[in-house]
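Asks: As input, take final.txt (compact mmCIF, C-alpha atoms):
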# COMPACT_ATOMS: atom_id res chain seq x y z
CA MET G 1 81.08 16.15 50.09
CA LYS G 2 79.74 17.55 53.38
CA LYS G 3 76.21 18.01 52.04
CA PHE G 4 76.30 14.65 50.26
CA PHE G 5 77.37 12.72 53.34
CA LEU G 6 74.97 14.38 55.75
CA PHE G 7 72.08 13.84 53.33
CA SER G 8 73.04 10.21 52.94
CA LEU G 9 73.52 9.78 56.68
CA LEU G 10 70.12 11.25 57.52
CA SER G 11 68.35 9.41 54.73
CA MET G 12 69.86 6.13 55.94
CA LEU G 13 69.68 6.65 59.61
CA ALA G 14 67.90 3.33 59.70
CA VAL G 15 71.26 1.80 59.22
CA ALA G 16 72.23 0.79 62.64
CA LEU G 17 69.64 -1.82 63.12
CA CYS G 18 68.41 -4.68 64.98
CA ALA G 19 68.77 -7.80 67.05
CA CYS G 20 66.29 -10.09 68.70
CA SER G 21 66.48 -10.03 72.52
CA ASP G 22 68.53 -9.16 75.59
CA ASN G 23 68.03 -12.69 76.89
CA GLU G 24 71.44 -14.33 76.68
CA ASP G 25 69.82 -17.80 76.52
CA GLU G 26 68.22 -17.01 73.17
CA PRO G 27 70.29 -17.05 69.97
CA ASN G 28 70.73 -13.76 68.16
CA SER G 29 68.88 -14.34 64.90
CA LEU G 30 70.39 -11.25 63.30
CA LEU G 31 74.05 -12.23 63.34
CA GLY G 32 75.64 -11.93 59.92
CA THR G 33 75.14 -9.57 57.00
CA TRP G 34 71.80 -8.08 56.00
CA GLN G 35 71.39 -6.48 52.58
CA TYR G 36 69.49 -3.28 51.90
CA GLU G 37 66.29 -3.96 49.93
CA GLN G 38 64.05 -0.89 49.86
CA PRO G 39 63.04 2.25 51.76
CA HIS G 40 60.06 2.37 54.11
CA PHE G 41 58.01 5.57 54.25
CA GLU G 42 54.46 6.06 55.57
CA PHE G 43 52.97 9.56 55.67
CA GLU G 44 49.54 11.05 56.38
CA TYR G 45 48.94 14.80 56.63
CA ALA G 46 46.00 16.86 57.92
CA GLN G 47 46.08 19.34 55.01
CA ASP G 48 46.26 19.03 51.24
CA SER G 49 49.65 20.74 50.90
CA ILE G 50 52.85 21.27 52.85
CA VAL G 51 54.19 24.82 52.52
CA ILE G 52 57.44 26.36 53.76
CA SER G 53 57.97 30.08 53.16
CA MET G 54 61.36 31.78 53.43
CA GLY G 55 60.16 35.33 53.21
CA GLN G 56 60.72 37.01 49.87
CA TYR G 57 63.48 34.59 48.94
CA ARG G 58 61.69 31.33 48.30
CA LYS G 59 58.45 29.50 48.92
CA MET G 60 58.19 25.74 48.61
CA SER G 61 54.91 23.86 48.35
CA ILE G 62 54.18 20.20 47.73
CA ALA G 63 50.93 18.28 47.69
CA ALA G 64 50.85 15.97 50.70
CA LYS G 65 49.71 13.06 48.54
CA ASP G 66 52.77 13.51 46.30
CA LEU G 67 55.36 13.53 49.08
CA LYS G 68 55.38 9.76 49.61
CA THR G 69 55.73 9.07 45.88
CA MET G 70 58.54 11.62 45.51
CA PHE G 71 60.44 10.39 48.55
CA LEU G 72 60.23 6.71 47.61
CA SER G 73 61.26 7.47 44.03
CA MET G 74 64.31 9.42 45.20
CA ALA G 75 65.24 6.88 47.87
CA LYS G 76 64.93 3.89 45.54
CA GLU G 77 67.14 5.62 42.98
CA LYS G 78 69.82 6.97 45.32
CA MET G 79 69.91 5.14 48.63
CA GLY G 80 70.89 1.76 47.28
CA ASP G 81 73.91 3.38 45.64
CA TYR G 82 75.33 4.35 49.03
CA PHE G 83 73.78 2.17 51.73
CA LYS G 84 74.55 -1.53 51.19
CA GLY G 85 73.49 -3.16 54.44
CA VAL G 86 74.53 -4.04 57.98
CA THR G 87 76.74 -6.74 59.49
CA PHE G 88 75.90 -7.78 63.06
CA SER G 89 78.46 -9.36 65.38
CA ASP G 90 77.83 -11.29 68.59
CA ASN G 91 79.63 -8.77 70.83
CA ASN G 92 76.93 -6.08 70.47
CA THR G 93 78.79 -4.35 67.66
CA LEU G 94 77.77 -3.82 64.06
CA LYS G 95 79.14 -2.32 60.87
CA VAL G 96 77.14 -0.26 58.42
CA ASN G 97 78.26 -1.21 54.93
CA MET G 98 78.24 1.60 52.40
CA SER G 99 79.71 2.94 49.20
CA LEU G 100 81.03 6.51 49.12
CA GLN G 101 80.29 8.99 46.36
CA ASN G 102 83.32 7.87 44.34
CA GLY G 103 82.34 4.21 44.70
CA THR G 104 84.89 3.38 47.40
CA PRO G 105 83.58 0.78 49.90
CA ALA G 106 83.43 1.99 53.51
CA THR G 107 82.07 0.91 56.88
CA LEU G 108 80.74 2.79 59.89
CA GLY G 109 81.05 1.05 63.25
CA ALA G 110 78.51 1.14 66.07
CA THR G 111 77.39 -0.62 69.22
CA TYR G 112 73.81 -1.74 69.81
CA LYS G 113 71.44 -2.70 72.61
CA VAL G 114 68.06 -4.35 72.08
CA ASP G 115 64.74 -4.78 73.85
CA GLU G 116 61.49 -6.29 72.58
CA ARG G 117 60.49 -3.23 70.52
CA TYR G 118 63.53 -1.02 70.06
CA ILE G 119 67.19 -1.17 69.24
CA GLU G 120 69.43 1.60 70.56
CA VAL G 121 72.52 2.34 68.48
CA ALA G 122 75.58 4.44 69.26
CA LEU G 123 77.62 5.33 66.17
CA ASN G 124 81.40 5.19 66.44
CA SER G 125 82.48 8.84 66.64
CA ALA G 126 85.98 8.16 65.29
CA ASP G 127 84.61 6.36 62.22
CA LEU G 128 82.07 9.12 61.67
CA ALA G 129 84.71 11.85 61.88
CA GLN G 130 86.95 9.99 59.43
CA LEU G 131 84.14 9.57 56.91
CA THR G 132 83.06 13.21 57.11
CA GLY G 133 86.38 14.94 57.55
CA GLY G 134 85.34 15.98 61.04
CA ILE G 135 82.28 17.91 59.88
CA ALA G 136 79.53 15.49 60.93
CA PRO G 137 76.94 16.62 63.48
CA ASP G 138 77.10 15.27 67.01
CA ILE G 139 74.58 12.44 66.66
CA PRO G 140 73.09 11.08 69.89
CA LYS G 141 72.17 7.44 70.39
CA ILE G 142 69.60 6.32 67.83
CA SER G 143 66.52 4.22 68.65
CA PHE G 144 64.67 2.27 65.95
CA ILE G 145 61.38 0.43 66.10
CA TYR G 146 62.01 -2.94 64.46
CA GLN G 147 60.10 -5.96 63.19
CA GLN G 148 61.66 -9.20 61.99
CA LYS G 149 59.73 -11.68 59.86
CA GLY G 150 61.89 -14.58 58.75
CA ASP G 151 64.65 -13.28 56.52
CA GLU G 152 63.19 -9.76 56.30
CA LEU G 153 63.87 -6.98 58.77
CA LEU G 154 61.94 -3.71 58.94
CA MET G 155 63.23 -0.85 61.04
CA TYR G 156 61.97 2.69 61.18
CA PHE G 157 61.59 5.93 63.12
CA ASP G 158 58.11 7.13 64.09
CA LYS G 159 56.79 10.70 64.16
CA THR G 160 57.68 11.40 67.80
CA TYR G 161 61.26 10.24 67.44
CA LEU G 162 61.83 12.12 64.18
CA LYS G 163 60.39 15.32 65.65
CA ASN G 164 62.73 15.15 68.63
CA MET G 165 65.75 14.21 66.53
CA ILE G 166 65.23 17.04 64.05
CA ALA G 167 64.72 19.51 66.90
CA MET G 168 68.11 18.54 68.34
CA MET G 169 69.90 18.81 65.00
CA GLN G 170 67.97 21.52 63.17
CA ASP G 171 70.60 24.25 63.57
CA GLN G 172 73.20 22.03 61.91
CA LEU G 173 70.75 20.88 59.24
CA LEU G 174 69.57 24.38 58.38
CA SER G 175 73.16 25.62 58.15
CA ILE G 176 73.55 23.19 55.23
CA LEU G 177 70.05 23.31 53.75
CA LEU G 178 69.41 27.06 53.57
CA PRO G 179 72.57 28.00 51.61
CA SER G 180 71.75 25.23 49.13
CA ILE G 181 68.25 26.53 48.35
CA ILE G 182 68.58 30.31 48.83
CA GLU G 183 71.05 31.92 46.47
CA GLY G 184 73.55 34.15 48.26
CA PHE G 185 72.39 33.11 51.75
CA ASP G 186 75.95 33.00 53.09
CA GLN G 187 76.33 36.72 52.27
CA PHE G 188 73.17 37.78 54.09
CA PRO G 189 73.57 39.83 57.32
CA ASP G 190 73.51 37.66 60.43
CA THR G 191 70.26 39.26 61.56
CA MET G 192 68.54 38.26 58.32
CA LYS G 193 69.92 34.71 58.55
CA GLN G 194 68.51 34.40 62.06
CA ILE G 195 65.09 35.68 60.98
CA ILE G 196 64.86 33.19 58.11
CA SER G 197 66.15 30.30 60.22
CA GLY G 198 63.73 31.10 63.03
CA SER G 199 60.80 31.25 60.62
CA VAL G 200 61.70 27.88 59.08
CA LYS G 201 61.99 26.28 62.54
CA GLU G 202 58.50 27.50 63.46
CA GLN G 203 57.10 26.13 60.21
CA ILE G 204 58.79 22.76 60.74
CA ALA G 205 57.08 22.54 64.15
CA THR G 206 53.73 23.33 62.49
CA ILE G 207 54.31 20.65 59.86
CA PHE G 208 54.87 18.04 62.56
CA ASP G 209 51.72 19.21 64.37
CA ASN G 210 49.75 18.60 61.16
CA THR G 211 51.34 15.21 60.52
CA LEU G 212 48.97 12.37 61.39
CA LYS G 213 51.33 9.49 60.66
CA LEU G 214 55.03 9.31 59.85
CA GLU G 215 57.32 6.29 59.57
CA LEU G 216 60.77 6.48 57.98
CA GLY G 217 63.13 3.55 57.63
CA PHE G 218 64.28 0.56 55.59
CA THR G 219 63.71 -3.07 54.80
CA LEU G 220 66.73 -5.40 54.88
CA SER G 221 66.99 -9.06 53.89
CA ASN G 222 69.19 -11.98 54.87
CA HIS G 223 69.04 -14.87 52.40
CA ASN G 224 72.10 -16.73 53.73
Take the structure I supplied and represent it as structure tokens, if you would.

Replies:
Amino acid sequence: MKKFFLFSLLSMLAVALCACSDNEDEPNSLLGTWQYEQPHFEFEYAQDSIVISMGQYRKMSIAAKDLKTMFLSMAKEKMGDYFKGVTFSDNNTLKVNMSLQNGTPATLGATYKVDERYIEVALNSADLAQLTGGIAPDIPKISFIYQQKGDELLMYFDKTYLKNMIAMMQDQLLSILLPSIIEGFDQFPDTMKQIISGSVKEQIATIFDNTLKLELGFTLSNHN
């Protein structure tokens, strides 16, 4: 459940979403419920392949041109099962509407603040702890770039934001990822764990350096 929820949370971080302006004289065009439509992913890389080596234990390689296709295929199949949309209220609060792994409906509360380009979201820590059994990472305020065109809303993270966010959370992420892809990792000596983790962190930094364009987010719709 821990790995499932954190994967879902990271994959749908574009959940918290948007509003139109801080000007109180203008109506908030995003009030109400927006439904999840599809993932948004743009990626350009400076090399033909992305490679992560974990010493003698595992080496992963993927063609850069295949990453977008693979991600969108996975997201289209899985994300809509869990992330249902967002309901905006007029008191700068919102609720992320979701379905848990067993199909039970759930919501995650948050507050939001908007300017002309970004929306800053603070997830409700009590809701997050309840949904994860207290094992969720400490997630800082989240800022999305957003664009609204009629009844469609696009929101996404860019390369700079994703790089900084992953750097802040990479210890927690690797503590979940490495045991899931390296058999017996939990039984390795601490020194070996640190060596592998340090190597992966360096390679992640290199991957971002070679990334020319990166956008990760969602499209929502409001047909009310």

Asks: Which residues are close to Leu72 of chain G, i.e. within 12 Å by all atoms listed in the file, leaving aside same-chain residues fewer than 4 positions away? Reply as a list of chain:residue names.

Replies: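 My reading of the contact set: G:Ser11, G:Gln38, G:Pro39, G:His40, G:Phe41, G:Glu42, G:Phe43, G:Asp66, G:Leu67, G:Lys68, G:Lys76, G:Glu77, G:Lys78, G:Met79, G:Gly80, G:Leu216, G:Gly217, G:Phe218.
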
Asks: Atom CA of Thr211 of chain G and atom CA of Phe157 of chain G, how far apart in Å?

Replies: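 Computing the Euclidean distance for atom CA of Phe157 of chain G and atom CA of Thr211 of chain G yields 14.1 Å.
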
Asks: Applying 12 Å and all atoms listed in the file, which residues near Ile182 of chain G remain after dropping the ones on its own chain fewer than 5 positions away? List them as a list in words.

Replies: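 That gives Ser53, Met54, Gly55, Gln56, Tyr57, Arg58, Lys59, Met60, Leu174, Ser175, Ile176, Leu177, Gln187, Phe188, Lys193, Ile196 and Ser197 of chain G.
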
Asks: Which neighbours of Tyr45 of chain G fall inside 8 Å, counting only C-alpha atoms, when residues of the same chain fewer than 5 positions from it are skipped, and could you give them as an MDAnalysis selection string?

Replies: chainID G and resid 64 210:213

Asks: Generate the output file for the selected residues, C-alpha atoms, as a compact mmCIF listing (two decimals), in the frame of the given file.

Replies:
# COMPACT_ATOMS: atom_id res chain seq x y z
CA ALA G 64 50.85 15.97 50.70
CA ASN G 210 49.75 18.60 61.16
CA THR G 211 51.34 15.21 60.52
CA LEU G 212 48.97 12.37 61.39
CA LYS G 213 51.33 9.49 60.66

Asks: Restricting the calculation to only C-alpha atoms: of G:Lys65, G:Pro179, G:Leu31, G:Tyr161, which residue gets closest to Glu44 of chain G?

Replies: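 Comparing G:Lys65, G:Pro179, G:Leu31, G:Tyr161 against Glu44 of chain G, the winner is G:Lys65.
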
Asks: In Å, how far is it from atom CA of Ile52 of chain G to atom CA of Tyr156 of chain G?

Replies: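 Answer for the atom CA of Ile52 of chain G to atom CA of Tyr156 of chain G separation: 25.2 Å.
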
Asks: Atom CA of Gln35 of chain G and atom CA of Met98 of chain G are how many Å apart?

Replies: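 Pair atom CA of Gln35 of chain G / atom CA of Met98 of chain G returns 10.6 Å.
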
Asks: Go through G:Ser143, G:Asn97, G:Thr160, G:Asn124 and flag the residue nearest Gly109 of chain G, using all atoms listed in the file for the distances.

Replies: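 Answer, going by the shortest atom-to-atom distance: G:Asn124.
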
Asks: Identify the residues within 8 Å of coordinate (67.0, -13.7, 56.2) (same frame as the file), considering all atoms listed in the file, and give the answer as a list in words.

Replies: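 Within 8 Å of (67.0, -13.7, 56.2), the protein and nucleic acid residues are Trp34, Gly150, Asp151, Glu152, Leu153, Ser221, Asn222, His223 and Asn224 of chain G.
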
Asks: Out of G:Phe208, G:Gly198, G:Thr132, G:Asp127, which residue has the shortest atom-to-atom distance to Gln170 of chain G when counting all atoms listed in the file?

Replies: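 For Gln170 of chain G, the nearest of the candidates is G:Gly198.
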
Asks: Which residue, G:Ala122, G:Ser199, G:Leu173, G:Leu154, has the smallest gap to Glu215 of chain G when you use only C-alpha atoms?

Replies: G:Leu154

Asks: May I ask you to restore N, CA and C atoms in segment 57-75 of chain G and write the result as a compact mmCIF listing (two decimals), in the coordinates of the input?

Replies:
# COMPACT_ATOMS: atom_id res chain seq x y z
N TYR G 57 62.42 35.28 49.67
CA TYR G 57 63.48 34.59 48.94
C TYR G 57 63.02 33.31 48.26
N ARG G 58 62.15 32.57 48.91
CA ARG G 58 61.69 31.33 48.30
C ARG G 58 60.50 30.79 49.07
N LYS G 59 59.60 30.17 48.32
CA LYS G 59 58.45 29.50 48.92
C LYS G 59 58.33 28.13 48.28
N MET G 60 58.28 27.10 49.11
CA MET G 60 58.19 25.74 48.61
C MET G 60 56.85 25.14 49.02
N SER G 61 56.19 24.50 48.07
CA SER G 61 54.91 23.86 48.35
C SER G 61 54.86 22.52 47.64
N ILE G 62 54.33 21.52 48.33
CA ILE G 62 54.18 20.20 47.73
C ILE G 62 52.88 19.59 48.22
N ALA G 63 52.16 18.96 47.31
CA ALA G 63 50.93 18.28 47.69
C ALA G 63 51.28 17.12 48.62
N ALA G 64 50.55 17.01 49.72
CA ALA G 64 50.85 15.97 50.70
C ALA G 64 50.79 14.58 50.07
N LYS G 65 49.86 14.38 49.16
CA LYS G 65 49.71 13.06 48.54
C LYS G 65 50.89 12.72 47.63
N ASP G 66 51.63 13.75 47.18
CA ASP G 66 52.77 13.51 46.30
C ASP G 66 54.07 13.25 47.06
N LEU G 67 54.10 13.61 48.35
CA LEU G 67 55.36 13.53 49.08
C LEU G 67 55.86 12.09 49.18
N LYS G 68 54.97 11.15 49.48
CA LYS G 68 55.38 9.76 49.61
C LYS G 68 55.95 9.24 48.29
N THR G 69 55.26 9.53 47.19
CA THR G 69 55.73 9.07 45.88
C THR G 69 57.10 9.66 45.55
N MET G 70 57.27 10.96 45.81
CA MET G 70 58.54 11.62 45.51
C MET G 70 59.67 11.07 46.37
N PHE G 71 59.39 10.88 47.67
CA PHE G 71 60.44 10.39 48.55
C PHE G 71 60.87 8.98 48.16
N LEU G 72 59.89 8.09 47.94
CA LEU G 72 60.23 6.71 47.61
C LEU G 72 60.96 6.63 46.28
N SER G 73 60.57 7.46 45.32
CA SER G 73 61.26 7.47 44.03
C SER G 73 62.71 7.89 44.19
N MET G 74 62.95 8.95 44.96
CA MET G 74 64.31 9.42 45.20
C MET G 74 65.12 8.39 45.97
N ALA G 75 64.51 7.83 47.03
CA ALA G 75 65.24 6.88 47.87
C ALA G 75 65.59 5.61 47.11
